[in-house]
>>> print(open('final.cif').read())   # mmCIF, N, CA and C atoms
data_start
loop_
_atom_site.label_atom_id
_atom_site.label_comp_id
_atom_site.auth_asym_id
_atom_site.auth_seq_id
_atom_site.Cartn_x
_atom_site.Cartn_y
_atom_site.Cartn_z
N MET A 1 92.85 82.16 82.11
CA MET A 1 92.01 82.62 83.19
C MET A 1 92.35 84.08 83.48
N GLY A 2 91.36 84.94 83.48
CA GLY A 2 91.57 86.35 83.75
C GLY A 2 91.77 86.62 85.23
N VAL A 3 92.71 87.48 85.54
CA VAL A 3 93.00 87.83 86.93
C VAL A 3 92.46 89.21 87.26
N ALA A 4 92.63 90.16 86.34
CA ALA A 4 92.20 91.53 86.59
C ALA A 4 91.88 92.22 85.28
N LYS A 5 91.02 93.23 85.36
CA LYS A 5 90.66 94.05 84.20
C LYS A 5 90.81 95.51 84.59
N THR A 6 91.27 96.30 83.65
CA THR A 6 91.35 97.74 83.89
C THR A 6 90.05 98.39 83.42
N GLU A 7 89.92 99.65 83.71
CA GLU A 7 88.79 100.42 83.17
C GLU A 7 89.09 100.70 81.71
N TYR A 8 88.08 101.03 80.93
CA TYR A 8 88.33 101.35 79.52
C TYR A 8 88.33 102.87 79.32
N HIS A 9 89.07 103.30 78.30
CA HIS A 9 89.18 104.72 77.96
C HIS A 9 88.69 104.92 76.54
N LYS A 10 87.79 105.86 76.37
CA LYS A 10 87.24 106.14 75.04
C LYS A 10 88.04 107.24 74.36
N SER A 11 88.13 107.15 73.06
CA SER A 11 88.68 108.21 72.19
C SER A 11 90.07 108.67 72.58
N THR A 12 90.97 107.74 72.84
CA THR A 12 92.35 108.11 73.12
C THR A 12 93.29 107.02 72.61
N TYR A 13 94.44 107.45 72.12
CA TYR A 13 95.44 106.50 71.66
C TYR A 13 96.51 106.25 72.72
N SER A 14 96.48 107.01 73.80
CA SER A 14 97.46 106.81 74.87
C SER A 14 96.76 106.91 76.22
N PRO A 15 96.02 105.89 76.61
CA PRO A 15 95.32 105.93 77.89
C PRO A 15 96.28 105.82 79.07
N ASP A 16 95.91 106.44 80.16
CA ASP A 16 96.68 106.37 81.39
C ASP A 16 95.79 105.68 82.42
N PHE A 17 96.13 104.45 82.79
CA PHE A 17 95.29 103.66 83.67
C PHE A 17 95.60 103.92 85.13
N ARG A 18 94.57 103.78 85.95
CA ARG A 18 94.74 103.93 87.40
C ARG A 18 95.52 102.74 87.95
N PRO A 19 96.22 102.95 89.06
CA PRO A 19 96.95 101.83 89.68
C PRO A 19 96.00 100.73 90.14
N MET A 20 96.48 99.50 90.12
CA MET A 20 95.72 98.34 90.58
C MET A 20 96.40 97.76 91.81
N LEU A 21 95.60 97.23 92.71
CA LEU A 21 96.12 96.56 93.89
C LEU A 21 95.76 95.08 93.75
N LEU A 22 96.78 94.25 93.53
CA LEU A 22 96.58 92.82 93.37
C LEU A 22 97.46 92.08 94.35
N LYS A 23 96.96 90.99 94.90
CA LYS A 23 97.76 90.16 95.78
C LYS A 23 98.64 89.26 94.92
N VAL A 24 99.87 89.04 95.37
CA VAL A 24 100.79 88.18 94.64
C VAL A 24 100.20 86.78 94.52
N GLN A 25 99.53 86.33 95.55
CA GLN A 25 98.89 85.00 95.52
C GLN A 25 97.87 84.94 94.39
N GLN A 26 97.11 86.00 94.21
CA GLN A 26 96.09 86.05 93.16
C GLN A 26 96.72 86.18 91.77
N LEU A 27 97.80 86.93 91.68
CA LEU A 27 98.43 87.20 90.39
C LEU A 27 99.21 86.01 89.86
N CYS A 28 100.07 85.42 90.70
CA CYS A 28 100.95 84.36 90.19
C CYS A 28 101.15 83.23 91.19
N ASN A 29 100.28 83.13 92.18
CA ASN A 29 100.34 82.06 93.18
C ASN A 29 101.68 82.03 93.91
N GLY A 30 102.29 83.20 94.09
CA GLY A 30 103.55 83.31 94.82
C GLY A 30 104.78 82.97 94.01
N ASP A 31 104.62 82.55 92.75
CA ASP A 31 105.75 82.21 91.89
C ASP A 31 106.11 83.42 91.03
N TYR A 32 107.17 84.12 91.40
CA TYR A 32 107.56 85.35 90.72
C TYR A 32 108.02 85.11 89.28
N MET A 33 108.41 83.87 88.95
CA MET A 33 108.88 83.54 87.60
C MET A 33 107.75 83.03 86.70
N ARG A 34 106.56 82.87 87.22
CA ARG A 34 105.43 82.36 86.44
C ARG A 34 105.09 83.36 85.33
N PRO A 35 104.87 82.86 84.11
CA PRO A 35 104.54 83.77 83.00
C PRO A 35 103.20 84.47 83.21
N LEU A 36 103.17 85.77 82.97
CA LEU A 36 101.96 86.56 83.04
C LEU A 36 101.66 87.07 81.63
N LYS A 37 100.43 86.86 81.18
CA LYS A 37 100.04 87.31 79.85
C LYS A 37 99.17 88.55 80.00
N ILE A 38 99.55 89.61 79.31
CA ILE A 38 98.79 90.87 79.33
C ILE A 38 98.17 91.03 77.94
N ARG A 39 96.85 91.11 77.91
CA ARG A 39 96.14 91.23 76.64
C ARG A 39 95.48 92.60 76.56
N CYS A 40 95.48 93.19 75.36
CA CYS A 40 94.93 94.52 75.16
C CYS A 40 93.83 94.47 74.11
N PHE A 41 92.72 95.16 74.40
CA PHE A 41 91.58 95.21 73.49
C PHE A 41 91.21 96.66 73.22
N ASP A 42 90.70 96.92 72.03
CA ASP A 42 90.21 98.24 71.65
C ASP A 42 88.70 98.23 71.86
N TRP A 43 88.21 99.12 72.70
CA TRP A 43 86.79 99.17 73.03
C TRP A 43 85.98 99.73 71.85
N ASN A 44 84.86 99.08 71.56
CA ASN A 44 83.95 99.54 70.51
C ASN A 44 82.59 99.81 71.11
N ASN A 45 81.95 100.86 70.64
CA ASN A 45 80.63 101.23 71.15
C ASN A 45 79.55 100.28 70.64
N ASN A 46 79.65 99.86 69.39
CA ASN A 46 78.56 99.09 68.79
C ASN A 46 78.92 97.64 68.48
N ALA A 47 80.06 97.16 68.94
CA ALA A 47 80.46 95.77 68.66
C ALA A 47 81.35 95.26 69.79
N ALA A 48 81.74 94.02 69.66
CA ALA A 48 82.64 93.44 70.64
C ALA A 48 84.01 94.11 70.55
N PRO A 49 84.76 94.14 71.64
CA PRO A 49 86.09 94.77 71.60
C PRO A 49 87.01 94.06 70.61
N ASP A 50 87.85 94.84 69.93
CA ASP A 50 88.82 94.30 68.99
C ASP A 50 90.10 93.94 69.74
N PHE A 51 90.62 92.75 69.47
CA PHE A 51 91.87 92.31 70.08
C PHE A 51 93.02 93.07 69.45
N MET A 52 93.79 93.78 70.28
CA MET A 52 94.92 94.58 69.79
C MET A 52 96.21 93.77 69.79
N GLY A 53 96.40 92.98 70.81
CA GLY A 53 97.63 92.20 70.91
C GLY A 53 97.86 91.77 72.34
N GLU A 54 98.98 91.10 72.56
CA GLU A 54 99.31 90.61 73.89
C GLU A 54 100.81 90.62 74.07
N CYS A 55 101.23 90.59 75.32
CA CYS A 55 102.64 90.45 75.64
C CYS A 55 102.74 89.54 76.85
N GLU A 56 103.93 89.00 77.07
CA GLU A 56 104.13 88.08 78.18
C GLU A 56 105.31 88.53 79.00
N THR A 57 105.18 88.44 80.33
CA THR A 57 106.22 88.85 81.26
C THR A 57 106.09 87.99 82.51
N SER A 58 106.84 88.31 83.53
CA SER A 58 106.72 87.66 84.83
C SER A 58 106.77 88.75 85.90
N LEU A 59 106.35 88.42 87.09
CA LEU A 59 106.39 89.41 88.17
C LEU A 59 107.84 89.79 88.47
N ASP A 60 108.74 88.84 88.37
CA ASP A 60 110.16 89.13 88.59
C ASP A 60 110.67 90.17 87.59
N GLU A 61 110.33 89.98 86.32
CA GLU A 61 110.74 90.93 85.29
C GLU A 61 110.05 92.28 85.47
N LEU A 62 108.82 92.24 85.89
CA LEU A 62 108.04 93.47 86.09
C LEU A 62 108.63 94.33 87.20
N LEU A 63 109.16 93.69 88.24
CA LEU A 63 109.69 94.43 89.39
C LEU A 63 111.11 94.94 89.18
N ARG A 64 111.81 94.42 88.19
CA ARG A 64 113.19 94.86 87.93
C ARG A 64 113.20 96.17 87.15
N GLY A 65 114.14 97.05 87.49
CA GLY A 65 114.34 98.28 86.73
C GLY A 65 113.33 99.37 87.04
N GLU A 66 113.49 100.50 86.38
CA GLU A 66 112.64 101.66 86.59
C GLU A 66 111.37 101.61 85.75
N THR A 67 111.51 101.74 84.44
CA THR A 67 110.36 101.76 83.54
C THR A 67 110.45 100.57 82.61
N LYS A 68 109.37 99.84 82.52
CA LYS A 68 109.31 98.68 81.63
C LYS A 68 108.40 99.01 80.46
N GLU A 69 108.77 98.50 79.29
CA GLU A 69 107.97 98.74 78.08
C GLU A 69 107.82 97.43 77.32
N TRP A 70 106.58 97.09 76.98
CA TRP A 70 106.29 95.90 76.19
C TRP A 70 105.55 96.32 74.93
N THR A 71 105.76 95.57 73.86
CA THR A 71 105.10 95.84 72.59
C THR A 71 103.99 94.83 72.39
N PHE A 72 102.81 95.32 72.02
CA PHE A 72 101.68 94.43 71.76
C PHE A 72 101.74 93.96 70.31
N ARG A 73 101.74 92.66 70.14
CA ARG A 73 101.71 92.06 68.81
C ARG A 73 100.66 90.95 68.83
N ARG A 74 100.10 90.71 67.66
CA ARG A 74 99.19 89.58 67.52
C ARG A 74 100.01 88.34 67.22
N ARG A 75 99.50 87.21 67.64
CA ARG A 75 100.23 85.96 67.43
C ARG A 75 100.53 85.74 65.95
N GLY A 76 101.78 85.43 65.65
CA GLY A 76 102.17 85.12 64.28
C GLY A 76 102.39 86.34 63.40
N GLN A 77 102.27 87.55 63.95
CA GLN A 77 102.45 88.76 63.16
C GLN A 77 103.60 89.59 63.74
N SER A 78 104.26 90.33 62.86
CA SER A 78 105.37 91.16 63.32
C SER A 78 104.95 92.61 63.52
N ARG A 79 103.76 92.98 63.07
CA ARG A 79 103.28 94.36 63.19
C ARG A 79 103.03 94.71 64.65
N THR A 80 103.40 95.92 65.04
CA THR A 80 103.19 96.42 66.40
C THR A 80 101.84 97.12 66.47
N TYR A 81 101.05 96.77 67.47
CA TYR A 81 99.73 97.37 67.64
C TYR A 81 99.66 98.32 68.84
N GLY A 82 100.74 98.49 69.51
CA GLY A 82 100.77 99.42 70.63
C GLY A 82 101.85 99.04 71.63
N LYS A 83 102.03 99.88 72.62
CA LYS A 83 103.03 99.64 73.64
C LYS A 83 102.40 99.79 75.01
N LEU A 84 102.91 99.03 75.94
CA LEU A 84 102.50 99.13 77.33
C LEU A 84 103.69 99.61 78.13
N LEU A 85 103.49 100.68 78.85
CA LEU A 85 104.54 101.28 79.66
C LEU A 85 104.15 101.12 81.13
N CYS A 86 105.01 100.54 81.92
CA CYS A 86 104.76 100.37 83.35
C CYS A 86 105.75 101.25 84.10
N ARG A 87 105.24 102.33 84.69
CA ARG A 87 106.12 103.30 85.34
C ARG A 87 106.32 103.03 86.82
N LYS A 88 105.29 102.57 87.51
CA LYS A 88 105.39 102.35 88.96
C LYS A 88 104.87 100.97 89.30
N ARG A 89 105.58 100.28 90.15
CA ARG A 89 105.13 99.02 90.69
C ARG A 89 105.91 98.75 91.96
N ARG A 90 105.27 98.05 92.87
CA ARG A 90 105.93 97.69 94.12
C ARG A 90 105.20 96.53 94.76
N VAL A 91 105.92 95.81 95.59
CA VAL A 91 105.35 94.72 96.36
C VAL A 91 105.38 95.14 97.81
N ARG A 92 104.24 95.11 98.43
CA ARG A 92 104.15 95.48 99.85
C ARG A 92 104.07 94.20 100.67
N GLN A 93 105.02 94.04 101.58
CA GLN A 93 105.05 92.85 102.42
C GLN A 93 103.98 92.95 103.49
N GLN A 94 103.24 91.88 103.69
CA GLN A 94 102.24 91.83 104.74
C GLN A 94 102.58 90.65 105.65
N PRO A 95 103.12 90.94 106.84
CA PRO A 95 103.55 89.85 107.71
C PRO A 95 102.38 89.00 108.19
N SER A 96 102.65 87.72 108.39
CA SER A 96 101.63 86.81 108.90
C SER A 96 101.57 86.91 110.43
N PHE A 97 100.60 86.28 111.03
CA PHE A 97 100.47 86.29 112.48
C PHE A 97 101.70 85.65 113.12
N LEU A 98 102.18 84.57 112.54
CA LEU A 98 103.36 83.88 113.07
C LEU A 98 104.58 84.79 113.02
N GLN A 99 104.72 85.59 111.97
CA GLN A 99 105.85 86.51 111.88
C GLN A 99 105.75 87.61 112.95
N TYR A 100 104.53 88.05 113.27
CA TYR A 100 104.36 89.01 114.36
C TYR A 100 104.83 88.41 115.68
N VAL A 101 104.42 87.17 115.94
CA VAL A 101 104.80 86.53 117.20
C VAL A 101 106.31 86.31 117.25
N GLN A 102 106.92 85.86 116.14
CA GLN A 102 108.36 85.65 116.10
C GLN A 102 109.12 86.96 116.24
N GLY A 103 108.51 88.06 115.87
CA GLY A 103 109.15 89.36 115.95
C GLY A 103 109.17 89.94 117.36
N GLY A 104 108.58 89.25 118.32
CA GLY A 104 108.65 89.70 119.70
C GLY A 104 107.36 90.33 120.20
N VAL A 105 106.26 90.09 119.57
CA VAL A 105 104.99 90.62 120.04
C VAL A 105 104.57 89.86 121.29
N GLU A 106 104.17 90.57 122.33
CA GLU A 106 103.71 89.93 123.55
C GLU A 106 102.19 89.83 123.51
N ILE A 107 101.70 88.68 123.89
CA ILE A 107 100.26 88.46 123.93
C ILE A 107 99.88 88.18 125.38
N HIS A 108 98.97 88.99 125.92
CA HIS A 108 98.47 88.79 127.27
C HIS A 108 97.10 88.17 127.16
N LEU A 109 96.90 87.03 127.84
CA LEU A 109 95.65 86.31 127.77
C LEU A 109 95.09 86.16 129.17
N ILE A 110 93.86 86.58 129.32
CA ILE A 110 93.17 86.46 130.60
C ILE A 110 91.95 85.58 130.37
N VAL A 111 91.83 84.54 131.18
CA VAL A 111 90.70 83.61 131.05
C VAL A 111 89.91 83.65 132.35
N ALA A 112 88.61 83.71 132.22
CA ALA A 112 87.73 83.70 133.39
C ALA A 112 86.65 82.66 133.18
N ASN A 113 86.22 82.03 134.26
CA ASN A 113 85.17 81.03 134.20
C ASN A 113 84.06 81.47 135.14
N ASP A 114 82.88 81.66 134.62
CA ASP A 114 81.74 82.10 135.41
C ASP A 114 81.02 80.86 135.94
N LEU A 115 81.25 80.56 137.21
CA LEU A 115 80.64 79.38 137.81
C LEU A 115 79.21 79.62 138.29
N THR A 116 78.78 80.86 138.28
CA THR A 116 77.43 81.15 138.77
C THR A 116 76.40 81.18 137.66
N GLY A 117 76.82 81.06 136.40
CA GLY A 117 75.90 81.17 135.26
C GLY A 117 74.64 80.34 135.38
N PRO A 118 74.60 79.11 134.88
CA PRO A 118 73.37 78.32 134.90
C PRO A 118 73.11 77.68 136.26
N HIS A 119 74.09 77.71 137.16
CA HIS A 119 73.95 77.03 138.45
C HIS A 119 73.31 77.91 139.51
N GLY A 120 73.19 79.16 139.27
CA GLY A 120 72.59 80.06 140.25
C GLY A 120 73.63 80.60 141.21
N ASP A 121 73.16 81.28 142.24
CA ASP A 121 74.01 81.89 143.24
C ASP A 121 74.53 80.79 144.18
N PRO A 122 75.86 80.69 144.43
CA PRO A 122 76.39 79.61 145.27
C PRO A 122 75.79 79.55 146.68
N PRO A 123 75.56 80.68 147.36
CA PRO A 123 74.98 80.55 148.71
C PRO A 123 73.51 80.10 148.70
N ASP A 124 72.81 80.16 147.57
CA ASP A 124 71.40 79.78 147.50
C ASP A 124 71.29 78.26 147.54
N PRO A 125 70.52 77.69 148.50
CA PRO A 125 70.42 76.23 148.63
C PRO A 125 69.45 75.59 147.62
N GLY A 126 68.91 76.31 146.67
CA GLY A 126 67.95 75.76 145.72
C GLY A 126 68.57 74.71 144.80
N PRO A 127 67.77 74.18 143.86
CA PRO A 127 68.27 73.15 142.95
C PRO A 127 69.39 73.72 142.06
N PRO A 128 70.36 72.88 141.70
CA PRO A 128 71.50 73.37 140.93
C PRO A 128 71.13 73.79 139.51
N TYR A 129 70.09 73.19 138.94
CA TYR A 129 69.67 73.53 137.58
C TYR A 129 68.22 73.96 137.62
N PRO A 130 67.80 74.85 136.71
CA PRO A 130 66.40 75.23 136.68
C PRO A 130 65.54 74.02 136.31
N THR A 131 64.35 73.98 136.88
CA THR A 131 63.43 72.87 136.57
C THR A 131 62.71 73.16 135.27
N ARG A 132 62.27 72.13 134.59
CA ARG A 132 61.52 72.30 133.35
C ARG A 132 60.05 72.01 133.60
N GLN A 133 59.23 72.49 132.71
CA GLN A 133 57.80 72.25 132.84
C GLN A 133 57.38 71.25 131.78
N ASP A 134 56.37 70.44 132.14
CA ASP A 134 55.88 69.47 131.16
C ASP A 134 54.95 70.18 130.18
N PRO A 135 54.54 69.53 129.08
CA PRO A 135 53.71 70.19 128.07
C PRO A 135 52.38 70.71 128.58
N LEU A 136 51.90 70.18 129.70
CA LEU A 136 50.62 70.66 130.25
C LEU A 136 50.79 71.88 131.13
N GLY A 137 52.02 72.32 131.31
CA GLY A 137 52.25 73.54 132.07
C GLY A 137 52.48 73.32 133.54
N ARG A 138 52.53 72.06 133.99
CA ARG A 138 52.78 71.78 135.40
C ARG A 138 54.28 71.80 135.66
N GLY A 139 54.68 72.36 136.75
CA GLY A 139 56.09 72.40 137.12
C GLY A 139 56.53 71.07 137.66
N GLY A 140 57.80 70.79 137.60
CA GLY A 140 58.29 69.54 138.13
C GLY A 140 59.78 69.45 138.01
N ASP A 141 60.35 68.48 138.69
CA ASP A 141 61.80 68.26 138.63
C ASP A 141 62.15 67.45 137.39
N ASP A 142 63.41 67.46 137.05
CA ASP A 142 63.86 66.73 135.86
C ASP A 142 63.74 65.22 136.02
N ASP A 143 63.85 64.72 137.26
CA ASP A 143 63.85 63.28 137.43
C ASP A 143 62.44 62.70 137.60
N GLN A 144 61.40 63.51 137.59
CA GLN A 144 60.02 63.01 137.69
C GLN A 144 59.43 62.82 136.31
N PRO A 145 58.58 61.74 136.12
CA PRO A 145 57.99 61.50 134.79
C PRO A 145 56.92 62.51 134.44
#
>>> encode(input="final.cif", output="structure tokens")
Amino acid sequence: MGVAKTEYHKSTYSPDFRPMLLKVQQLCNGDYMRPLKIRCFDWNNNAAPDFMGECETSLDELLRGETKEWTFRRRGQSRTYGKLLCRKRRVRQQPSFLQYVQGGVEIHLIVANDLTGPHGDPPDPGPPYPTRQDPLGRGGDDDQP
């Protein structure tokens, strides 16, 4: 199942890709040790992309160290078809609502109840609810047929 795709670069043997923003939940479902497969294709103008190779890593391995380098190989072959260099990566923590509250956030809640809404003005001695009209357009109270 594909998680993300980069943009493609034409006519270059060493493309430099833009940074991607992916949620950990989307990438590995929160499991930093889950295997991640990175597949590389060579873009063709007049045909389907050619499979260059793949490598496997985990988010835990990806986040360790300064610069990571993986070699693209095709399954069952020892020939190298390219290298993937990862220079920058980071995980940005996004606290949940519960963590905000546990951190000492104060919440002020004000509740108001409007008693004059459908009941009308309290000093007015009229009926408590508006009367409805029958299909013939005659006015009447709710309790009359």
>>> atom_distance(input="final.cif", atom1="atom C of Arg39 in chain A", atom2="CA of Asp16 in chain A")
14.6 Å
>>> atom_distance(input="final.cif", atom1="CA of Asn29 in chain A", atom2="CA of Gly2 in chain A")
13.6 Å
>>> residues_around(input="final.cif", residues="Ser58 in chain A", least_positions_apart="5", cutoff="8 Å", atoms="only N, CA and C atoms", output="number ranges by chain")
A: 31-37, 63-64
>>> residues_around(input="final.cif", residues="Trp70 in chain A", least_positions_apart="5", cutoff="8 Å", atoms="all atoms listed in the file", output="VMD selection string")
chain A and resid 54 to 56 82 to 86
>>> write_last_selection(input="final.cif", atoms="N, CA and C atoms", output="short mmCIF file (atom, residue, chain, number, x, y, z; two decimals), in the coordinates of the input")
data_model
loop_
_atom_site.label_atom_id
_atom_site.label_comp_id
_atom_site.auth_asym_id
_atom_site.auth_seq_id
_atom_site.Cartn_x
_atom_site.Cartn_y
_atom_site.Cartn_z
N GLU A 54 98.98 91.10 72.56
CA GLU A 54 99.31 90.61 73.89
C GLU A 54 100.81 90.62 74.07
N CYS A 55 101.23 90.59 75.32
CA CYS A 55 102.64 90.45 75.64
C CYS A 55 102.74 89.54 76.85
N GLU A 56 103.93 89.00 77.07
CA GLU A 56 104.13 88.08 78.18
C GLU A 56 105.31 88.53 79.00
N GLY A 82 100.74 98.49 69.51
CA GLY A 82 100.77 99.42 70.63
C GLY A 82 101.85 99.04 71.63
N LYS A 83 102.03 99.88 72.62
CA LYS A 83 103.03 99.64 73.64
C LYS A 83 102.40 99.79 75.01
N LEU A 84 102.91 99.03 75.94
CA LEU A 84 102.50 99.13 77.33
C LEU A 84 103.69 99.61 78.13
N LEU A 85 103.49 100.68 78.85
CA LEU A 85 104.54 101.28 79.66
C LEU A 85 104.15 101.12 81.13
N CYS A 86 105.01 100.54 81.92
CA CYS A 86 104.76 100.37 83.35
C CYS A 86 105.75 101.25 84.10
#
>>> closest_residue(input="final.cif", among="A:Lys10, A:His108, A:Arg89, A:Arg79", to="Trp43 in chain A", atoms="only C-alpha atoms")
A:Lys10
>>> atom_distance(input="final.cif", atom1="CA of Leu59 in chain A", atom2="CA of Thr12 in chain A")
27.8 Å
>>> select_by_dssp(input="final.cif", residues="range 29-58 of chain A", states="strand (DSSP E or B)", output="tab-separated table (two decimals) with N, CA and C atoms, keeping the file's coordinate frame")
chain	number	residue	atom	x	y	z
A	35	PRO	N	104.87	82.86	84.11
A	35	PRO	CA	104.54	83.77	83.00
A	35	PRO	C	103.20	84.47	83.21
A	36	LEU	N	103.17	85.77	82.97
A	36	LEU	CA	101.96	86.56	83.04
A	36	LEU	C	101.66	87.07	81.63
A	37	LYS	N	100.43	86.86	81.18
A	37	LYS	CA	100.04	87.31	79.85
A	37	LYS	C	99.17	88.55	80.00
A	38	ILE	N	99.55	89.61	79.31
A	38	ILE	CA	98.79	90.87	79.33
A	38	ILE	C	98.17	91.03	77.94
A	39	ARG	N	96.85	91.11	77.91
A	39	ARG	CA	96.14	91.23	76.64
A	39	ARG	C	95.48	92.60	76.56
A	40	CYS	N	95.48	93.19	75.36
A	40	CYS	CA	94.93	94.52	75.16
A	40	CYS	C	93.83	94.47	74.11
A	41	PHE	N	92.72	95.16	74.40
A	41	PHE	CA	91.58	95.21	73.49
A	41	PHE	C	91.21	96.66	73.22
A	42	ASP	N	90.70	96.92	72.03
A	42	ASP	CA	90.21	98.24	71.65
A	42	ASP	C	88.70	98.23	71.86
A	50	ASP	N	87.85	94.84	69.93
A	50	ASP	CA	88.82	94.30	68.99
A	50	ASP	C	90.10	93.94	69.74
A	51	PHE	N	90.62	92.75	69.47
A	51	PHE	CA	91.87	92.31	70.08
A	51	PHE	C	93.02	93.07	69.45
A	52	MET	N	93.79	93.78	70.28
A	52	MET	CA	94.92	94.58	69.79
A	52	MET	C	96.21	93.77	69.79
A	53	GLY	N	96.40	92.98	70.81
A	53	GLY	CA	97.63	92.20	70.91
A	53	GLY	C	97.86	91.77	72.34
A	54	GLU	N	98.98	91.10	72.56
A	54	GLU	CA	99.31	90.61	73.89
A	54	GLU	C	100.81	90.62	74.07
A	55	CYS	N	101.23	90.59	75.32
A	55	CYS	CA	102.64	90.45	75.64
A	55	CYS	C	102.74	89.54	76.85
A	56	GLU	N	103.93	89.00	77.07
A	56	GLU	CA	104.13	88.08	78.18
A	56	GLU	C	105.31	88.53	79.00
A	57	THR	N	105.18	88.44	80.33
A	57	THR	CA	106.22	88.85	81.26
A	57	THR	C	106.09	87.99	82.51
A	58	SER	N	106.84	88.31	83.53
A	58	SER	CA	106.72	87.66	84.83
A	58	SER	C	106.77	88.75	85.90
>>> select_by_dssp(input="final.cif", residues="range 25-66 of chain A", states="helix (DSSP H, G or I)", output="MDAnalysis selection string")
chainID A and resid 25:28 59:63
